[in-house]
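Report on the structure given below.
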Amino acid sequence: MEYNFTAIEKRWQIFWEEEGSYRTDESSGKPKYYILDMFPYPSGAGLHVGHPLGYIASDIVARYKRHQGFEVLHPMGYDAFGLPAEQYAIDTGNHPADFTDKNIARYREQLQMLGLSFDWSREVKTSDPAFYKWTQWIFIQLFHSWYNINSDRAEEINTLIQEFEIHGNENVNAVCTPTPSFTATAWNKMDEQEQQKILLNYRLAYIGNSEVNWCEALGTVLANEEVKDGVSERGGYPVVKRTMKQWFLRITAYAERLIQGLDTISWPEAIKEIQRNWIGKSTGAEVSFKIKGTHEDALDLNVFTTRPDTIFGATFMVLAPEHALVSAITTEEQKNVIQDYIEQAKRKSDRERMAETKKISGAFTGAYAINPFTGTEIPIWIADYVLADYGKGAIMAVPGHDSRDWAFAKHFNLPILEVVKGGNVLEASYDAKDGELVNSGFLNGLMVKDAINLAISKLEEAGIGSKQINYRLRDANFSRQRYWGEPFPIIYKDDIPYSVNEKELPISLPEVSSYKPSGSGSSPLAALNEWVNLPDGSRRETNTMPGWAGSSWYFLRYMSPNNNEEFISKEREQYWKNVDFYIGGAEHATGHLLYSRFWHKFLFDRGFVSTDEPFKKLINQGMIQGRSSILYRKKDSNTFVSKNLISNYETTEIRVDVNLVENDILNTDLFKAWRPEFQNAAFILEGDKYICGAEVEKMSKSKYNVVTPDSMVAKYGCDTFRMYEMFLGPIEQSKPWNTEGIDGVSRFLKKLWNLFFDKDGNISLSEEKPDADELKILHKTIKKVTEDIERFNLNTCISSFMICVNELGALKCNKRSILEPLIILLAPFAPHISEELWQQIGNNSSINKCAYPKHNDEFLVESTFEYPISINGKLRAKLNLDLNLNKEQIEKAVLQLEEVQKWCNGNPPKKIIVVPGRIVNIVV
RNA sequence: GCUCUGGUGGUGGAAUUGGUAGACACGCAGGACUUAAAAUCCUGUGAUCAUUGCGAUCGUGCGGGUUCAAGUCCCGCCCGGAGUACCA
């Protein structure tokens with residue numbers, strides 16, 4: 001019987017579907033295992049061969065865990081809100097939902113074709129009102145919460161209101177927008193509007209009037225994570241800073257816990273490091289400087305520094321141009337200079353500012369600060385190398401020990417002072433935190449570390465400074481001026497935001513006539529007068545939520561996807577807890593993976609979930625790149641020159657569809673038919689072949705290098721395709737797609753198939769007892785495959801299967817006792833062929849229900865070992881010896897070898913190292 | 001610049017605790033079967049030299065070191081990929 005993969009795969013996919021093989025059942029009483037793939041955005045292009053890499057890997061683990069007796073949650077769904085659908089809607093006038101649903105249908109079809117064991121009954125999409133009802137609900141919880149530093153967690157806003165009513169805000173220790181202090185009496189006297197304004201300073205979802213990333217081309221603001229190199233991540237349009245009223249989420253409240261939590265989860269070190277850097281914790285001190293000529297209680301200049309030890313070396317101060325004190329301290333003579341500089345800085349876009357980082361610029365305010373320890377007067381400058389929104393927006397410049405300050409000092413001819421020994425401050429700044437303090441009064445003679453501590457305690461004693469920790473992380477901008485996103489569950493009364501009643505959820509996305517952003521900074525929803533303006537005079541929030549809102553919690557929804565009463569069923573949450581194993585790309589390191597952790601910690605604080613990290617283990621699959629095929633066109637002609645002949649001609653390169661090329665040889669007939677302009681193409685061949693060039697680059701339509709899983713499955717079957725994707729190499733590594741090697745896997749499955757059939761094509765298994773060799777082959781494979789799945793080395797599993805089948809083939813083994821466990825072992829990797837063979841050999845229930853085979857060490861015991869004999873560390877001979885021999889016996893046997901005698905040349909060996917069961921090394 | 005990664009045959013890759021470098025595949029070459037091709041099977045395949053046989057030397061980005069023994073550990077460099085970028 002032929003191995004007809006098309007028929008086999010279809011048959012079992014229908015069977016599993018009908019049988020409900022992959023339905024998850026929380027009542028099974030088994031231990032749970034939650035394995036998750038990252039939420040795909042269903043793009044119009046569908047899947048290419050790179051996408052399924054992670055899906056296949058997670059599917060193998062899911063199936064393996066089921067065989068191991070776990071109840072497995074392995075769901076799939078769609079991050080369905082997003083810009084491409086909206087852009088399509090703007091361009092065509094069609095509803096983005098239609099476009100999205102069409103794409104989802106295509107995605108699902110492709111995923112099902114791969115035999116992935118998802119529980120499709122749990123499929124979710126973020127654009128479904130039944131889903132975003134709960135995204136809006138979580139937002140309301142954020143709105144109704146504040147972060148209490150004393151209890152170090154988020155609490156319901158009522159606990160804050162109660163505190164205000166009794167003690168005012170004097171004892172409140174919260175992560176909040178700076179708020180003047182008030183007493184209980186004052187609070188109780190305030191009217192509703194005043195109280196709400198104050199509460200907004202404390203809420204975890206709040207409205208801020210601050211600088212945002214405005215992207216004119218997209219007509220919306222973007223989060224820091226959505227801006228790369230001064231342009232939008234999607235589309236690459238310029239982004240400028242602009243002050244707007246926006247919703248923010250107070251993620252900064254969780255900065256420390258987001259760092260600490262990294263130590264408790266099993267993630268790639270690289271991703272953890274990216275998150276640590278993104279959060280950007282730095283420890284130092286806040287120091288307050290008096291300004292010359294102002295009174296005691298007048299303006300102080302506060303700075304943040306990580307090097308309080310170098311305070312004696314501070315020879316000037318620098319403020320950000322936007323700093324609040326600038327206008328107050330600037331002297332009459334310097335007013336114009338400063339004004340000009342501020343204007344000039346304002347005009348620069350982020351991009352220009354970045355491009356000009358090497359250019360040094362600044363202006364002198366005319367004012368002086370007083371060094372609290374020396375009394376020295378220090379000139380105060382402004383410069384755009386100091387950022388307004390980091391630290392205090394002001395620094396004490398120590399040119400001797402900070403390279404940026406040094407460059408600034410050189411440029412403006414300011415004094416440079418050495419206060420830490422170790423470098424030559426006339427040549428370059430000495431930034432290392434290592435060395436002895438000099439020229440520094442009471443710090444002299446101390447090493448940097450001790451000096452930092454002493455400086456801080458002196459500052460604290462004098463009441464002019466304290467230890468301080470700063471984070472680079474900013475609160476997350478949560479408003480988008482877009483149509484295709486979740487509407488906010490917020491209405492305004494007299495400009496004060498209130499959450500809508502939870503019973504009114506979901507606030508559905510209304511129909512609009514135009515999907516275009518208004519451009520003035522409001523969304524298409526703002527044009528819907530009837531929707532916006534409510535009968536009682538209040539009005540709705542018209543922004544929508546960003547793309548990452550739904551993806552920050554979707555993995556919880558899979559646990560109880562149809563629950564209409566709660567965002568997550570309590571008992572289901574108790575069972576599944578969090579994701580055991582998460583697989584996806586590394587590109588979400590500072591977006592999705594950080595926001596999800598933030599939301600999860602928040603939900604944990606508020607008692608809605610019982611774990612404080614969402615994803616216990618994370619693996620990043622590598623990218624599969626495209627391998628483009630290149631033709632060389634003779635200049636100004638329709639003649640194409642084969643690759644190795646191009647040095648004789650002047651040629652230009654063009655890319656050709658990789659589907660017209662096999663093993664780098666162009667099918668010239670297909671090429672002529674590809675496009676009308678190539679109909680009469682001529683070729684200069686090598687022999688009778690046209691050899692193409694190749695380049696590795698991103699897989700994309702425009703490069704004609706897209707290979708789809710559909711074409712691979714049609715040609716080789718999905719079992720072969722699945723195994724080949726795994727065989728390519730370690731899952732984490734990026735590599736170019738190359739179809740050539742797939743034949744090896746295809747041959748392997750045919751060889752396996754043939755083990756089950758006699759030469760007339762009839763199924764034929766022997767019931768004979770297996771011999772020691774056969775058992776060894778099987779159990780060696782079981783051991784290796786099991787260990788490798790546990791380590792997630794799926795590529796070497798495939799090699800082991802190949803070795804096993806090759807060895808059994810050589811023995812012509814067709815014994816049931818060997819082949820039956822083998823196909824169970826293989827079932828997670830190639831489920832269809834395994835199920836087919838399983839049922840052909842007389843089993844009636846699905847192979848999916850079988851327990852995974854366990855290896856038995858007894859069958860693996862060897863009695864002899866072929867020792868590699870090296871002389872001076874180089875392999876010279878081999879010798880088969882009994883493993884029971886002791887060191888002396890081995891030594892004796894080895895010395896008698898002719899080869900050894902030859903190398904010894906009559907002299908006794910200097911030294912012999914014998915590692916029993918491993919190696920013998922002789923030093924001569 | 002800083003941080004993280006990686007560098008092994010013609011190609012994808014293996015070597016899990018310092019112990020036979022190149023498993024397993026692809027490709028290539030030769031052979032068998034065939035009228036022929038495809039498919040299948042067998043043999044060979046790191047490089048150089050020697051080839052009548054034995055063999056010898058080199059070899060995991062480069063240069064050092066530790067060790068009986070280094071792809072693996074240590075020190076210093078080079079190159080690629082990713083992240084980040086005036087973060088005080």
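Residue numbering restarts at 1 in every chain; chains get A, B, ... in the order shown in the structure tokens, and ligands count up from 1 in that same order.
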May I have the residues within 8 Å of stretch 894-896 of chain A as a PyMOL selection string, using only C-alpha atoms (C1' of nucleotides) and disregarding those fewer than 3 positions away in the same chain?
chain A and resi 869+879+890-891+900-901
Contacts from chain A to chain B, 6 Å maximum, only C-alpha atoms (C1' of nucleotides): show me the residue list as a CSV table (one decimal) with N, CA and C atoms, in the first residue's frame.
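Just written: part-v1.csv:
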```
chain,number,residue,atom,x,y,z
A,270,ALA,N,17.7,37.2,27.2
A,270,ALA,CA,17.7,38.4,26.4
A,270,ALA,C,16.5,39.2,26.6
A,305,THR,N,21.1,62.6,40.5
A,305,THR,CA,22.4,62.1,40.0
A,305,THR,C,22.7,60.7,40.5
A,385,TYR,N,20.5,68.3,25.6
A,385,TYR,CA,21.0,67.0,26.0
A,385,TYR,C,20.4,66.5,27.3
A,728,LEU,N,14.7,21.7,10.9
A,728,LEU,CA,15.5,22.8,10.4
A,728,LEU,C,16.6,23.2,11.4
A,741,GLY,N,15.8,20.5,1.6
A,741,GLY,CA,16.0,19.4,2.5
A,741,GLY,C,14.8,18.6,2.9
A,744,GLY,N,14.4,14.6,2.6
A,744,GLY,CA,15.0,13.7,3.7
A,744,GLY,C,13.9,13.2,4.6
A,799,SER,N,16.1,13.7,14.3
A,799,SER,CA,17.2,12.8,14.0
A,799,SER,C,17.2,11.5,14.6
A,868,PRO,N,38.0,4.7,22.8
A,868,PRO,CA,38.9,5.5,21.9
A,868,PRO,C,40.2,5.6,22.7
A,873,GLY,N,46.6,13.0,23.5
A,873,GLY,CA,45.3,13.7,23.2
A,873,GLY,C,44.8,13.5,21.8
```
Non-local contacts of A:Phe602 (12 Å; only C-alpha atoms (C1' of nucleotides); under 2 positions in same chain excluded) as a tab-separated table (two decimals) with N, CA and C atoms, in the first residue's frame:
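Saved as selection_13.tsv:
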```tsv
chain	number	residue	atom	x	y	z
A	138	ILE	N	-12.14	45.60	32.48
A	138	ILE	CA	-10.83	45.71	33.16
A	138	ILE	C	-10.40	47.18	33.22
A	139	PHE	N	-10.67	47.90	32.13
A	139	PHE	CA	-10.33	49.32	32.15
A	139	PHE	C	-11.04	50.04	33.29
A	141	GLN	N	-11.94	48.77	36.08
A	141	GLN	CA	-11.27	48.41	37.34
A	141	GLN	C	-10.00	49.25	37.53
A	142	LEU	N	-9.28	49.48	36.42
A	142	LEU	CA	-8.07	50.31	36.51
A	142	LEU	C	-8.45	51.74	36.91
A	143	PHE	N	-9.53	52.21	36.33
A	143	PHE	CA	-10.01	53.56	36.60
A	143	PHE	C	-10.39	53.69	38.08
A	144	HIS	N	-10.91	52.60	38.64
A	144	HIS	CA	-11.36	52.63	40.03
A	144	HIS	C	-10.30	52.13	41.01
A	145	SER	N	-9.02	52.25	40.63
A	145	SER	CA	-7.96	51.77	41.52
A	145	SER	C	-6.86	52.80	41.66
A	146	TRP	N	-6.16	52.71	42.75
A	146	TRP	CA	-4.97	53.55	42.97
A	146	TRP	C	-3.87	52.67	43.53
A	147	TYR	N	-2.62	53.15	43.47
A	147	TYR	CA	-1.51	52.33	43.94
A	147	TYR	C	-1.02	52.81	45.29
A	152	ASP	N	2.04	48.30	49.00
A	152	ASP	CA	2.72	47.90	47.77
A	152	ASP	C	1.81	47.11	46.83
A	153	ARG	N	0.59	47.62	46.68
A	153	ARG	CA	-0.30	47.00	45.70
A	153	ARG	C	-1.40	47.98	45.31
A	154	ALA	N	-2.10	47.62	44.23
A	154	ALA	CA	-3.23	48.43	43.81
A	154	ALA	C	-4.41	48.15	44.73
A	155	GLU	N	-5.16	49.21	45.05
A	155	GLU	CA	-6.34	49.04	45.90
A	155	GLU	C	-7.52	49.76	45.26
A	156	GLU	N	-8.69	49.36	45.70
A	156	GLU	CA	-9.91	49.99	45.24
A	156	GLU	C	-9.88	51.47	45.63
A	204	LEU	N	-5.34	54.58	38.43
A	204	LEU	CA	-4.36	53.87	37.60
A	204	LEU	C	-4.65	54.09	36.11
A	205	ALA	N	-5.90	54.43	35.79
A	205	ALA	CA	-6.21	54.91	34.44
A	205	ALA	C	-6.61	56.36	34.61
A	249	LEU	N	-2.17	54.80	31.41
A	249	LEU	CA	-2.20	53.76	32.44
A	249	LEU	C	-0.94	53.91	33.27
A	250	ARG	N	-1.11	53.86	34.59
A	250	ARG	CA	0.01	54.16	35.49
A	250	ARG	C	0.90	52.93	35.69
A	251	ILE	N	1.52	52.50	34.60
A	251	ILE	CA	2.38	51.31	34.66
A	251	ILE	C	3.61	51.58	35.53
A	253	ALA	N	3.76	52.62	38.37
A	253	ALA	CA	3.54	52.15	39.73
A	253	ALA	C	4.12	50.75	39.91
A	254	TYR	N	4.20	50.02	38.82
A	254	TYR	CA	4.65	48.63	38.88
A	254	TYR	C	6.11	48.44	38.47
A	257	ARG	N	8.18	46.12	40.69
A	257	ARG	CA	7.69	44.73	40.69
A	257	ARG	C	7.89	44.08	39.32
A	258	LEU	N	7.83	44.88	38.26
A	258	LEU	CA	8.07	44.32	36.93
A	258	LEU	C	9.52	43.89	36.79
A	552	SER	N	-3.50	42.19	26.18
A	552	SER	CA	-2.91	42.19	27.52
A	552	SER	C	-3.56	41.19	28.47
A	553	TRP	N	-4.71	40.63	28.04
A	553	TRP	CA	-5.38	39.70	28.96
A	553	TRP	C	-6.06	38.52	28.25
A	595	TYR	N	3.14	44.85	29.00
A	595	TYR	CA	1.77	45.26	29.37
A	595	TYR	C	0.99	44.10	30.00
A	596	SER	N	1.16	42.89	29.44
A	596	SER	CA	0.45	41.73	29.99
A	596	SER	C	0.86	41.50	31.44
A	597	ARG	N	2.15	41.63	31.70
A	597	ARG	CA	2.64	41.43	33.06
A	597	ARG	C	2.04	42.50	33.98
A	598	PHE	N	1.98	43.74	33.49
A	598	PHE	CA	1.41	44.84	34.26
A	598	PHE	C	-0.06	44.56	34.57
A	599	TRP	N	-0.86	44.24	33.56
A	599	TRP	CA	-2.28	43.99	33.80
A	599	TRP	C	-2.48	42.81	34.74
A	600	HIS	N	-1.65	41.78	34.55
A	600	HIS	CA	-1.81	40.59	35.38
A	600	HIS	C	-1.51	40.91	36.84
A	604	PHE	N	-4.06	40.67	39.88
A	604	PHE	CA	-3.65	39.92	41.07
A	604	PHE	C	-3.87	40.76	42.33
A	605	ASP	N	-3.43	42.00	42.28
A	605	ASP	CA	-3.58	42.89	43.43
A	605	ASP	C	-5.05	43.02	43.84
A	606	ARG	N	-5.89	43.10	42.82
A	606	ARG	CA	-7.31	43.31	43.10
A	606	ARG	C	-8.06	41.99	43.35
A	607	GLY	N	-7.31	40.90	43.37
A	607	GLY	CA	-7.91	39.62	43.74
A	607	GLY	C	-8.67	38.91	42.63
A	608	PHE	N	-8.49	39.35	41.39
A	608	PHE	CA	-9.21	38.72	40.29
A	608	PHE	C	-8.49	37.50	39.73
A	609	VAL	N	-7.18	37.43	39.90
A	609	VAL	CA	-6.43	36.23	39.53
A	609	VAL	C	-5.51	35.87	40.69
A	610	SER	N	-5.05	34.62	40.71
A	610	SER	CA	-4.31	34.17	41.88
A	610	SER	C	-2.81	34.05	41.67
A	611	THR	N	-2.33	34.48	40.49
A	611	THR	CA	-0.89	34.46	40.24
A	611	THR	C	-0.46	35.87	39.89
A	612	ASP	N	0.80	36.20	40.14
A	612	ASP	CA	1.19	37.57	39.81
A	612	ASP	C	2.08	37.67	38.57
A	613	GLU	N	2.31	36.54	37.91
A	613	GLU	CA	2.97	36.58	36.60
A	613	GLU	C	2.11	35.76	35.64
A	614	PRO	N	1.90	36.26	34.42
A	614	PRO	CA	1.02	35.54	33.49
A	614	PRO	C	1.68	34.36	32.78
```
Quick one: pull the distance between atom CA of A:Asn470 and atom CA of A:Ala451, Å, one decimal.
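So the two atoms, atom CA of A:Asn470 and atom CA of A:Ala451, lie 20.0 Å apart.
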Please extract the residues of stretch 548-591 of chain A with a backbone DSSP assignment of helix (DSSP H, G or I) and present them as a count of residues only.
18
Selected residue of minimal separation from B:C78 among B:U57, B:A50, B:G7, B:U35, counting only C-alpha atoms (C1' of nucleotides)
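So, comparing all the options, the nearest one is B:G7.
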For the atom pair atom CA of A:Leu860 and atom CA of A:Ala62, what is the interatomic distance in Å to one decimal place?
28.2 Å
Non-local contacts of B:U43 (12 Å; only C-alpha atoms (C1' of nucleotides); under 5 positions in same chain excluded) as a PyMOL selection string
chain B and resi 29-32
Residues as selected, N, CA, C and O atoms (P, O5', C5', C4', C3', O3' and C1' of nucleotides), written as a tab-separated table (two decimals), in the first residue's frame, can you do that?
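Okay, this is what ended up in result33.tsv:
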```tsv
chain	number	residue	atom	x	y	z
B	29	A	P	26.80	15.39	-9.58
B	29	A	O5'	27.94	14.33	-9.25
B	29	A	C5'	29.31	14.67	-9.40
B	29	A	C4'	30.18	13.54	-8.91
B	29	A	C3'	29.80	12.17	-9.45
B	29	A	O3'	30.31	11.94	-10.75
B	29	A	C1'	30.13	12.03	-7.12
B	30	G	P	29.45	11.02	-11.75
B	30	G	O5'	29.70	9.56	-11.19
B	30	G	C5'	30.99	8.98	-11.30
B	30	G	C4'	31.06	7.73	-10.46
B	30	G	C3'	30.07	6.63	-10.80
B	30	G	O3'	30.43	5.90	-11.97
B	30	G	C1'	30.16	6.89	-8.46
B	31	G	P	29.25	5.30	-12.89
B	31	G	O5'	28.65	4.13	-12.00
B	31	G	C5'	29.42	2.94	-11.80
B	31	G	C4'	28.82	2.09	-10.73
B	31	G	C3'	27.48	1.44	-11.06
B	31	G	O3'	27.60	0.32	-11.92
B	31	G	C1'	27.42	2.30	-8.86
B	32	A	P	26.39	-0.10	-12.87
B	32	A	O5'	25.34	-0.73	-11.83
B	32	A	C5'	25.64	-1.96	-11.17
B	32	A	C4'	24.50	-2.35	-10.28
B	32	A	C3'	23.15	-2.50	-10.98
B	32	A	O3'	23.03	-3.77	-11.60
B	32	A	C1'	22.89	-1.24	-9.00
```
d(atom CA of A:Lys701, atom CA of A:Glu123) in Å
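Atom CA of A:Lys701 sits 28.4 Å away from atom CA of A:Glu123.
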At a cut-off of 12 Å, using only C-alpha atoms (C1' of nucleotides), what residues contact B:C74? Leave out same-chain residues fewer than 4 positions from it and give the result as an mmCIF file with N, CA, C and O atoms (P, O5', C5', C4', C3', O3' and C1' of nucleotides), in the first residue's frame.
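Printed below is part.cif as written:
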```cif
data_model
loop_
_atom_site.group_PDB
_atom_site.id
_atom_site.type_symbol
_atom_site.label_atom_id
_atom_site.label_comp_id
_atom_site.auth_asym_id
_atom_site.auth_seq_id
_atom_site.Cartn_x
_atom_site.Cartn_y
_atom_site.Cartn_z
ATOM 1 P P G B 64 49.098 32.138 18.881
ATOM 2 O "O5'" G B 64 49.207 32.822 20.308
ATOM 3 C "C5'" G B 64 49.302 32.009 21.446
ATOM 4 C "C4'" G B 64 49.097 32.854 22.676
ATOM 5 C "C3'" G B 64 48.920 32.032 23.933
ATOM 6 O "O3'" G B 64 50.170 31.649 24.463
ATOM 7 C "C1'" G B 64 47.153 33.575 23.785
ATOM 8 P P G B 65 50.382 30.082 24.783
ATOM 9 O "O5'" G B 65 49.516 29.917 26.112
ATOM 10 C "C5'" G B 65 49.847 30.705 27.243
ATOM 11 C "C4'" G B 65 48.716 30.700 28.232
ATOM 12 C "C3'" G B 65 48.381 29.361 28.872
ATOM 13 O "O3'" G B 65 49.310 29.006 29.868
ATOM 14 C "C1'" G B 65 46.386 30.500 28.314
ATOM 15 P P U B 66 49.634 27.478 30.155
ATOM 16 O "O5'" U B 66 48.335 27.026 30.951
ATOM 17 C "C5'" U B 66 48.032 27.578 32.226
ATOM 18 C "C4'" U B 66 46.734 27.006 32.738
ATOM 19 C "C3'" U B 66 46.651 25.490 32.731
ATOM 20 O "O3'" U B 66 47.296 24.926 33.870
ATOM 21 C "C1'" U B 66 44.667 26.385 31.809
ATOM 22 P P U B 67 48.280 23.680 33.660
ATOM 23 O "O5'" U B 67 47.296 22.528 33.203
ATOM 24 C "C5'" U B 67 46.298 22.046 34.089
ATOM 25 C "C4'" U B 67 45.425 21.045 33.377
ATOM 26 C "C3'" U B 67 46.162 19.934 32.661
ATOM 27 O "O3'" U B 67 46.551 18.912 33.557
ATOM 28 C "C1'" U B 67 44.463 20.813 31.256
ATOM 29 P P A B 70 43.143 19.947 24.231
ATOM 30 O "O5'" A B 70 41.611 20.081 24.654
ATOM 31 C "C5'" A B 70 40.579 19.458 23.907
ATOM 32 C "C4'" A B 70 39.474 20.460 23.647
ATOM 33 C "C3'" A B 70 39.903 21.651 22.800
ATOM 34 O "O3'" A B 70 38.803 22.079 22.013
ATOM 35 C "C1'" A B 70 39.215 22.416 24.905
#
```
